[in-house]
file query.txt (compact mmCIF, C-alpha atoms)
# COMPACT_ATOMS: atom_id res chain seq x y z
CA MET A 1 3.69 -61.50 -67.38
CA ALA A 2 1.02 -59.24 -68.83
CA ARG A 3 2.09 -56.89 -71.52
CA GLY A 4 2.95 -53.43 -70.23
CA GLN A 5 3.49 -54.56 -66.65
CA ARG A 6 6.78 -53.43 -65.22
CA ARG A 7 9.02 -56.07 -63.76
CA GLY A 8 9.23 -55.91 -59.98
CA SER A 9 6.28 -53.55 -59.62
CA ASN A 10 4.85 -55.68 -56.79
CA LYS A 11 8.14 -56.22 -55.07
CA ASN A 12 10.43 -54.20 -52.87
CA LYS A 13 14.07 -53.55 -53.55
CA THR A 14 15.05 -56.99 -52.21
CA GLY A 15 12.72 -58.68 -54.63
CA GLY A 16 10.14 -59.80 -51.99
CA PRO A 17 6.46 -58.68 -51.64
CA LYS A 18 5.86 -55.04 -50.76
CA LYS A 19 5.33 -54.38 -47.06
CA THR A 20 2.39 -52.28 -45.77
CA PRO A 21 3.78 -49.03 -44.30
CA LYS A 22 3.78 -48.91 -40.46
CA LYS A 23 1.71 -45.70 -40.47
CA ILE A 24 -1.14 -47.39 -42.35
CA LYS A 25 -1.08 -50.35 -39.94
CA LYS A 26 -1.27 -48.02 -36.93
CA VAL A 27 -4.26 -46.15 -38.37
CA ALA A 28 -6.02 -49.44 -39.02
CA ARG A 29 -5.44 -50.59 -35.41
CA VAL A 30 -6.82 -47.28 -34.05
CA GLU A 31 -9.94 -47.53 -36.23
CA LYS A 32 -10.48 -51.13 -35.15
CA GLN A 33 -10.17 -50.13 -31.49
CA LYS A 34 -12.68 -47.28 -31.97
CA GLU A 35 -15.13 -49.71 -33.52
CA LYS A 36 -14.80 -52.02 -30.49
CA VAL A 37 -15.46 -49.12 -28.11
CA LYS A 38 -18.56 -48.12 -30.08
CA LYS A 39 -19.94 -51.65 -29.94
CA ARG A 40 -19.24 -51.90 -26.21
CA GLU A 41 -20.99 -48.57 -25.47
CA SER A 42 -23.94 -49.57 -27.64
CA ALA A 43 -24.28 -52.85 -25.73
CA LYS A 44 -24.23 -50.98 -22.40
CA ARG A 45 -26.99 -48.64 -23.51
CA SER A 46 -29.19 -51.52 -24.60
CA GLN A 47 -28.95 -53.20 -21.19
CA PRO A 48 -31.35 -52.27 -18.32
CA PRO A 49 -29.70 -50.08 -15.65
CA THR A 50 -28.32 -51.68 -12.54
CA ARG A 51 -30.04 -50.93 -9.22
CA THR A 52 -27.30 -48.49 -8.24
CA ALA A 53 -27.50 -46.65 -11.55
CA PHE A 54 -31.30 -46.55 -11.34
CA GLU A 55 -31.19 -45.14 -7.80
CA ARG A 56 -28.67 -42.50 -8.86
CA ALA A 57 -30.93 -41.48 -11.72
CA GLU A 58 -33.96 -41.29 -9.42
CA VAL A 59 -32.12 -39.21 -6.83
CA GLY A 60 -30.85 -36.93 -9.57
CA ALA A 61 -34.36 -36.41 -10.88
CA ILE A 62 -35.61 -35.45 -7.41
CA VAL A 63 -32.73 -33.05 -6.90
CA GLU A 64 -33.55 -31.38 -10.22
CA GLN A 65 -37.19 -31.01 -9.16
CA ALA A 66 -36.40 -29.77 -5.65
CA VAL A 67 -36.57 -26.13 -6.70
CA GLY A 68 -40.13 -26.49 -8.02
CA THR A 69 -43.25 -24.94 -6.53
CA ALA A 70 -46.35 -27.10 -6.10
CA VAL A 71 -49.90 -26.03 -5.33
CA VAL A 72 -51.76 -28.64 -3.28
CA LEU A 73 -55.41 -27.94 -4.10
CA ALA A 74 -58.11 -29.19 -1.70
CA PRO A 75 -61.79 -29.47 -2.67
CA GLY A 76 -64.81 -28.17 -0.82
CA ALA A 77 -67.41 -30.25 0.99
CA GLY A 78 -68.87 -32.86 -1.33
CA GLY A 79 -66.43 -31.93 -4.09
CA SER A 80 -63.74 -34.03 -5.72
CA ALA A 81 -60.58 -33.61 -7.76
CA SER A 82 -62.48 -34.61 -10.90
CA HIS A 83 -65.19 -31.95 -10.52
CA ALA A 84 -65.32 -29.34 -13.29
CA SER A 85 -64.84 -26.49 -10.81
CA MET A 86 -61.65 -28.08 -9.44
CA ARG A 87 -60.29 -28.66 -12.93
CA ALA A 88 -61.02 -25.01 -13.67
CA TRP A 89 -59.10 -23.89 -10.57
CA ARG A 90 -56.24 -26.20 -11.54
CA ASP A 91 -55.97 -24.46 -14.89
CA ARG A 92 -56.18 -21.00 -13.29
CA LEU A 93 -53.47 -21.78 -10.74
CA ALA A 94 -51.14 -23.58 -13.18
CA PRO A 95 -49.31 -20.39 -14.33
CA CYS A 96 -48.35 -19.67 -10.71
CA CYS A 97 -46.39 -22.87 -10.12
CA ASP A 98 -44.63 -25.91 -11.57
CA GLU A 99 -47.40 -28.35 -10.68
CA VAL A 100 -50.95 -28.30 -9.33
CA ARG A 101 -51.72 -31.41 -7.29
CA LEU A 102 -55.36 -32.26 -6.55
CA PHE A 103 -56.60 -34.79 -4.03
CA ASP A 104 -59.83 -36.04 -2.47
CA TYR A 105 -60.98 -36.20 1.13
CA GLY A 106 -62.25 -39.55 2.37
CA ARG A 107 -65.37 -40.15 4.40
CA PRO A 108 -66.50 -39.62 7.07
CA TYR A 109 -66.04 -35.85 7.21
CA SER A 110 -64.54 -35.59 10.69
CA MET A 111 -61.84 -32.98 11.16
CA PRO A 112 -59.15 -35.52 12.18
CA ASN A 113 -59.84 -37.56 9.00
CA LEU A 114 -59.87 -34.46 6.81
CA VAL A 115 -56.59 -33.17 8.26
CA ALA A 116 -54.96 -36.60 7.90
CA ALA A 117 -55.86 -36.68 4.20
CA HIS A 118 -54.53 -33.15 3.77
CA CYS A 119 -51.25 -34.07 5.50
CA GLU A 120 -50.87 -37.06 3.17
CA ALA A 121 -51.36 -34.84 0.11
CA VAL A 122 -48.63 -32.47 1.33
CA GLN A 123 -46.35 -35.44 2.03
CA GLN A 124 -46.82 -36.70 -1.53
CA ALA A 125 -45.94 -33.29 -2.95
CA TYR A 126 -42.82 -33.22 -0.79
CA ASP A 127 -41.85 -36.75 -1.83
CA ALA A 128 -42.18 -35.68 -5.46
CA GLY A 129 -39.33 -33.23 -4.84
CA HIS A 130 -41.22 -29.99 -4.24
CA ARG A 131 -39.72 -27.82 -1.52
CA ARG A 132 -42.02 -24.82 -1.96
CA ILE A 133 -45.63 -25.83 -1.38
CA VAL A 134 -48.71 -23.60 -1.61
CA LEU A 135 -51.77 -24.82 0.28
CA ALA A 136 -54.84 -23.87 -1.76
CA GLY A 137 -58.30 -24.82 -0.59
CA CYS A 138 -61.82 -24.20 -1.83
CA SER A 139 -64.32 -23.55 0.96
CA MET A 140 -63.97 -26.51 3.38
CA GLY A 141 -60.53 -27.31 1.95
CA ALA A 142 -59.28 -23.87 3.05
CA ARG A 143 -60.68 -24.36 6.54
CA VAL A 144 -59.05 -27.79 6.87
CA ALA A 145 -55.70 -26.31 5.79
CA LEU A 146 -55.79 -23.82 8.65
CA HIS A 147 -56.81 -26.51 11.17
CA MET A 148 -53.82 -28.53 9.93
CA LEU A 149 -51.40 -25.62 10.37
CA THR A 150 -52.66 -24.44 13.75
CA GLY A 151 -53.72 -27.74 15.35
CA VAL A 152 -57.07 -26.30 16.40
CA PRO A 153 -59.57 -29.16 16.91
CA GLY A 154 -62.79 -29.38 14.95
CA PRO A 155 -66.36 -29.09 16.31
CA ASP A 156 -66.06 -32.47 18.08
CA SER A 157 -62.93 -31.25 19.96
CA ALA A 158 -60.98 -34.33 18.78
CA PRO A 159 -57.26 -33.64 18.29
CA VAL A 160 -56.08 -33.30 14.71
CA PRO A 161 -52.81 -34.55 13.16
CA ARG A 162 -49.97 -32.06 12.67
CA LEU A 163 -47.63 -31.69 9.74
CA ALA A 164 -44.11 -33.08 10.17
CA SER A 165 -41.54 -30.34 10.70
CA GLU A 166 -39.92 -30.72 7.27
CA LEU A 167 -43.33 -30.51 5.58
CA ARG A 168 -44.32 -27.47 7.59
CA SER A 169 -41.08 -25.75 6.59
CA ALA A 170 -41.89 -26.41 2.93
CA VAL A 171 -45.28 -24.64 3.10
CA ALA A 172 -44.69 -21.18 1.63
CA CYS A 173 -48.18 -19.71 1.81
CA VAL A 174 -51.92 -20.45 1.89
CA LEU A 175 -54.68 -19.56 -0.58
CA ALA A 176 -58.06 -19.64 1.18
CA LEU A 177 -60.66 -19.52 -1.59
CA SER A 178 -64.20 -18.77 -0.33
CA TYR A 179 -63.32 -19.57 3.29
CA PRO A 180 -66.54 -20.73 5.07
CA LEU A 181 -66.35 -18.41 8.06
CA LEU A 182 -70.04 -18.82 8.96
CA ARG A 183 -71.73 -22.12 9.70
CA THR A 184 -74.20 -23.17 7.01
CA GLY A 185 -77.69 -21.92 7.79
CA GLY A 186 -76.57 -19.72 10.68
CA ARG A 187 -74.45 -16.75 11.70
CA GLU A 188 -72.01 -18.55 13.99
CA VAL A 189 -68.51 -17.26 13.26
CA ARG A 190 -65.94 -20.07 13.09
CA ASP A 191 -62.74 -18.06 13.27
CA ALA A 192 -60.71 -20.06 15.82
CA PRO A 193 -58.22 -21.44 13.22
CA ILE A 194 -57.64 -17.93 11.86
CA ARG A 195 -57.08 -16.35 15.27
CA ALA A 196 -54.71 -19.21 16.18
CA LEU A 197 -52.31 -18.36 13.35
CA ALA A 198 -48.96 -17.34 14.79
CA GLU A 199 -46.16 -15.14 13.55
CA HIS A 200 -44.14 -18.16 12.38
CA ASP A 201 -47.03 -19.52 10.30
CA PRO A 202 -47.07 -19.02 6.51
CA PRO A 203 -48.90 -15.97 5.12
CA VAL A 204 -52.54 -16.42 4.10
CA LEU A 205 -54.54 -14.83 1.29
CA PHE A 206 -58.31 -14.93 1.76
CA VAL A 207 -60.25 -14.56 -1.49
CA SER A 208 -63.97 -14.10 -0.82
CA GLY A 209 -67.00 -12.81 -2.65
CA ASP A 210 -69.04 -10.05 -1.04
CA LEU A 211 -72.21 -12.06 -1.79
CA ASP A 212 -70.95 -15.30 -0.22
CA LEU A 213 -73.55 -16.46 2.32
CA GLN A 214 -70.90 -18.17 4.43
CA MET A 215 -68.74 -15.07 4.76
CA ASP A 216 -68.89 -12.02 6.99
CA LEU A 217 -66.16 -9.74 5.69
CA GLN A 218 -66.07 -7.56 8.81
CA ALA A 219 -65.74 -10.64 11.05
CA LEU A 220 -62.95 -11.90 8.76
CA GLN A 221 -61.10 -8.59 9.05
CA ASP A 222 -61.47 -8.69 12.84
CA ALA A 223 -60.08 -12.24 13.01
CA CYS A 224 -57.16 -11.34 10.73
CA SER A 225 -56.35 -8.33 12.89
CA ALA A 226 -56.15 -10.57 15.95
CA THR A 227 -53.74 -13.07 14.44
CA GLY A 228 -49.97 -12.91 14.52
CA ALA A 229 -49.50 -14.19 10.97
CA SER A 230 -49.37 -12.14 7.80
CA THR A 231 -52.84 -12.13 6.23
CA ARG A 232 -54.40 -10.44 3.25
CA VAL A 233 -58.02 -10.24 2.03
CA HIS A 234 -59.13 -9.87 -1.57
CA VAL A 235 -62.83 -9.19 -2.09
CA ALA A 236 -64.47 -10.29 -5.35
CA CYS A 237 -67.21 -7.72 -5.88
CA GLY A 238 -70.54 -9.08 -6.99
CA ALA A 239 -69.40 -12.68 -6.44
CA GLY A 240 -70.68 -15.50 -4.28
CA ALA A 241 -68.92 -18.68 -3.19
CA SER A 242 -67.91 -19.47 -6.79
CA LEU A 243 -65.89 -16.19 -6.85
CA SER A 244 -67.36 -15.47 -10.27
CA SER A 245 -68.63 -11.89 -10.39
CA LYS A 246 -72.20 -11.39 -11.56
CA LEU A 247 -71.43 -7.75 -12.36
CA SER A 248 -68.44 -8.28 -14.64
CA PRO A 249 -67.42 -11.95 -14.91
CA LEU A 250 -64.33 -11.45 -17.07
CA ALA A 251 -62.95 -8.46 -15.15
CA GLY A 252 -63.76 -10.14 -11.84
CA ASP A 253 -61.91 -13.32 -12.77
CA GLU A 254 -58.92 -11.33 -13.98
CA ALA A 255 -58.82 -9.39 -10.69
CA VAL A 256 -58.95 -12.61 -8.65
CA ASP A 257 -56.28 -14.29 -10.78
CA GLY A 258 -54.07 -11.21 -10.55
CA ALA A 259 -54.33 -11.07 -6.75
CA ILE A 260 -53.48 -14.77 -6.46
CA ALA A 261 -50.57 -14.58 -8.90
CA SER A 262 -49.07 -11.56 -7.14
CA PHE A 263 -49.37 -13.25 -3.73
CA VAL A 264 -47.80 -16.52 -4.89
CA ARG A 265 -44.97 -14.74 -6.71
CA GLU A 266 -44.18 -12.84 -3.51
CA HIS A 267 -44.07 -15.85 -1.20
CA ALA A 268 -43.40 -18.87 -3.45
CA PRO A 269 -41.61 -17.75 -6.62
CA THR A 270 -41.10 -20.44 -9.26
call {"tool": "encode", "arguments": {"input": "query.txt", "output": "structure tokens"}}
result
Amino acid sequence: MARGQRRGSNKNKTGGPKKTPKKIKKVARVEKQKEKVKKRESAKRSQPPTRTAFERAEVGAIVEQAVGTAVVLAPGAGGSASHASMRAWRDRLAPCCDEVRLFDYGRPYSMPNLVAAHCEAVQQAYDAGHRRIVLAGCSMGARVALHMLTGVPGPDSAPVPRLASELRSAVACVLALSYPLLRTGGREVRDAPIRALAEHDPPVLFVSGDLDLQMDLQALQDACSATGASTRVHVACGAGASLSSKLSPLAGDEAVDGAIASFVREHAPT
């Protein structure tokens, strides 16, 4: 025995080895169990989700997005989603919504084909979870949007596709940017889609420049007065089809953006 060591210091009163207190054993068991749970949870997180879990996550994501507002932006004739002017409009419209979705029209440019492409773009926005959709169109894109809503055939009198009822219900309003009321190179007024708008159709904001060669503002006012839908006209003074004022570019753009933002907030708040 080492010097200074007390006899029986490692024994209990009966002379045998000291027993570990029950409280210490219980704590050790609890800690061991916690460690097992941690390892099990870590292993679950490292595994890929099951199909059911994945589907639940996807559905949950769509439900979370369902309150969002999307602007479906259509190009003009010969334009595309990648054109600088369309990217500029995307940036200008972005503050009004949760997402701006651009798309392209395919060829040939027949009204049934154009409307079918527009319907598909709206369907994709709906499938992405958006339940408030703003139809925005530049020039021809605005005209196609109204043909899609009203079902008025194009110049060839061929029937056009119609939006499904759930998609139509999701359309909150329409932004018609530089609507081409007059046929190119002539004075023929093409206002049939405007006059066909009914009371149950979404409200429409026409934004046109007073120097636009494809616009007759008085004829537009007459067509809007004859329709049953809610319509509004904003005139960009000193602007052509680009809606950029030659008199005061900055002030003109701010006025156009303000009119659009106010209209969208009223009918499709984010």
call {"tool": "atom_distance", "arguments": {"input": "query.txt", "atom1": "CA of Leu182 (chain A)", "atom2": "CA of Asp216 (chain A)"}}
result
7.2 Å
call {"tool": "atom_distance", "arguments": {"input": "query.txt", "atom1": "CA of Arg187 (chain A)", "atom2": "CA of Cys224 (chain A)"}}
result
18.1 Å
call {"tool": "residues_near_point", "arguments": {"input": "query.txt", "point": "(-63.2, -34.8, 8.4)", "cutoff": "12 Å", "atoms": "all atoms listed in the file", "output": "PyMOL selection string"}}
result
chain A and resi 76-78+104-118+140-141+143-145+147-148+153-156+158-161
call {"tool": "residues_near_point", "arguments": {"input": "query.txt", "point": "(-47.7, -23.8, -10.1)", "cutoff": "8 Å", "atoms": "only C-alpha atoms", "output": "number ranges by chain"}}
result
A: 69-71, 93-100, 270
call {"tool": "closest_atom_pairs", "arguments": {"input": "query.txt", "of": "region 224-258 of chain A", "to": "region 190-193 of chain A", "cutoff": "12 Å", "atoms": "only C-alpha atoms", "output": "CSV"}}
result
residue,atom,partner,partner_atom,distance
A:Cys224,CA,A:Asp191,CA,9.1
A:Ser225,CA,A:Asp191,CA,11.6
A:Ala226,CA,A:Asp191,CA,10.3
A:Thr227,CA,A:Pro193,CA,9.6
A:Gly228,CA,A:Pro193,CA,11.9
A:Ala229,CA,A:Pro193,CA,11.6
call {"tool": "atom_distance", "arguments": {"input": "query.txt", "atom1": "CA of Leu175 (chain A)", "atom2": "CA of Val72 (chain A)"}}
result
9.9 Å
